[in-house]
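**Q** Okay, handing you the structure first.
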Amino acid sequence: MVSCAALYAISARLALARNEPDLPFGGINIIVAGDFAQLPPVGSPSLFCGDRLQVPDAIQPKITIGKQKNAIGKIIWQQFTTVVILKQNMRQTKTSEADENLRTCLANMRFGACTPSDLEYLRTRTISRRSGHPTFEDPRFRNVSIITALNAQKDKINEIGCQKFADETNQPLVHFYSEDTLTENAASESRKPQRVRKREVLKVKRKLSTHRQQQLWDAYPCSTSEHIPGKLSLCVGMPIMIHHNDATELCITKGQEGTVVGWQESLGSQDQTILDTLFVELIKPPRPIRVPGLPMNVVALTHGTKKLWCQLPDDLVVQVSREQVLVLPNFAMTDYASQGKTREFNVIDLNNCKTVPSSGWVNPSMSLREVGLIRIKRIKQKS
């Protein structure tokens, strides 16, 4: 969802481009589309935020620039007065009784008006060994990415999933390591993200020690600001998710899912195995992709370089330039990463979810059919 500050930024850029600073969006007619039941924006208040401390009702003296942008963004939003409400469900279109129960439950859940029968239905879609309940032993849910709330949970599930996939397919799990170098401004206070400014920062400008490098490789992707793995564990056939927009014309976009077909490797500066090129077969791309010399829908991903902040186990924070192929194993994804997807088989875990009821509706609503939805958390009714 677009935040107040983001809407202000869009309007300001259009006004600047058209040299119309006094007109919202530079005088251009704008159509916005979305759903207020979706997950809220990250790091900034939503358009319907009622917290006057974050979004003042008007521009006032002594408020920060950020709050001024929030206030202007909300004022711009309130100028949209023509609203079209779409009511037809275009995703869950099956006509069985179970699918009708799913549609009814989702419609009620969206407005926070679930009935006792809705809650009872959701309980039947919770993993259990009792008769009539879904289980992980069902082959239809094998290697289906689990939607979870926390990046730490996602990374741990992916670690377990990689090893399990390798064992089940009788393949060795190959580890590919990143090339990390300290950046010149590793100790620059002004360049550190807000959340790490009070932590100890590595104040040296030299090559990483072997000990520090090993810590960076062993750390989960969630310990870095860009979620780029220091160690990428792969084998042929493993599900992965692309983590960067490399070539939109080839459907190599952030969030695109695929499976590993093969790779080209070499040795890095510390004699570690590094990934030069990863060949991936895209899963249900928006259009067929044909790259000369490769099978249909198979693309080649090369390594990229990103500057990122890394937190080490002793809370030391360093900024490094990391060279790695920008993909992640896809045995789990966060609720934010899953937005916009339609999933035939949809496994969701709402434990530790901080955005309920949004996640409670968004995650199940991705299910294409009732039989494809399973939950890992029991539904409790408030007394």
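Naming scheme: A, B, ... for chains in displayed order of the structure tokens; residues 1 onward per chain; ligands 1 onward as shown.
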Tell me which protein, DNA and RNA residues are within 10 Å of Arg212 in chain A, counting only C-alpha atoms, leaving out same-chain ones fewer than 6 positions away, and put them as a ChimeraX atom specification.

**A** /A:218,312,318

**Q** Going by DSSP on the backbone, which residues of range 122-338 of chain A come out as alpha helix (DSSP H)? List them as a PyMOL selection string.

**A** chain A and resi 122-124+151-168+210-218

**Q** Pick the closest to Asp315 in chain A from A:Val327, A:Gln215, A:His243, A:Val261: which is it, counting only C-alpha atoms?

**A**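 Ranked by minimum distance to Asp315 in chain A, first place goes to A:Gln215.
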
**Q** So which residues touch Gln324 in chain A within 9 Å, counting only C-alpha atoms, skipping near sequence neighbours fewer than 3 positions away, as a list in words?

**A** Phe176, Tyr177, Ser178, Glu179, Ile228, Pro229, Gly230, Lys231, Leu232, Ile274, Leu275, Asp276, Thr302, His303, Gly304, Thr305, Lys306 and Val327 of chain A

**Q** If we count only C-alpha atoms, what is near Leu308 in chain A at a cut-off of 9 Å, once residues fewer than 3 positions away on the same chain are taken out, given as JSON, numbers by chain?

**A** {"A": [224, 225, 226, 227, 228, 318, 319, 320, 321, 322]}

**Q** Do a neighbour search on Arg287 in chain A at 10 Å with only C-alpha atoms, toss out local chain neighbours closer than 2 positions, and write the hits as a tab-separated table (two decimals) with N, CA and C atoms, in the first residue's frame.

**A**
```tsv
chain	number	residue	atom	x	y	z
A	249	GLU	N	12.17	-7.23	-19.14
A	249	GLU	CA	11.74	-7.76	-20.43
A	249	GLU	C	11.86	-9.27	-20.51
A	250	LEU	N	12.69	-9.86	-19.63
A	250	LEU	CA	12.85	-11.31	-19.56
A	250	LEU	C	12.14	-11.89	-18.34
A	251	CYS	N	11.31	-11.09	-17.68
A	251	CYS	CA	10.59	-11.50	-16.48
A	251	CYS	C	11.54	-11.85	-15.33
A	284	LYS	N	5.63	-20.13	-14.25
A	284	LYS	CA	4.47	-19.35	-14.69
A	284	LYS	C	4.82	-17.87	-14.90
A	285	PRO	N	5.79	-17.58	-15.77
A	285	PRO	CA	6.09	-16.17	-16.05
A	285	PRO	C	4.91	-15.51	-16.76
A	289	ILE	N	9.24	-16.96	-22.26
A	289	ILE	CA	10.56	-16.34	-22.42
A	289	ILE	C	11.46	-17.30	-23.20
A	290	ARG	N	12.03	-16.80	-24.27
A	290	ARG	CA	12.94	-17.59	-25.08
A	290	ARG	C	14.27	-16.86	-25.17
A	297	ASN	N	11.66	-20.61	-21.20
A	297	ASN	CA	11.48	-20.06	-19.85
A	297	ASN	C	12.69	-20.24	-18.93
```
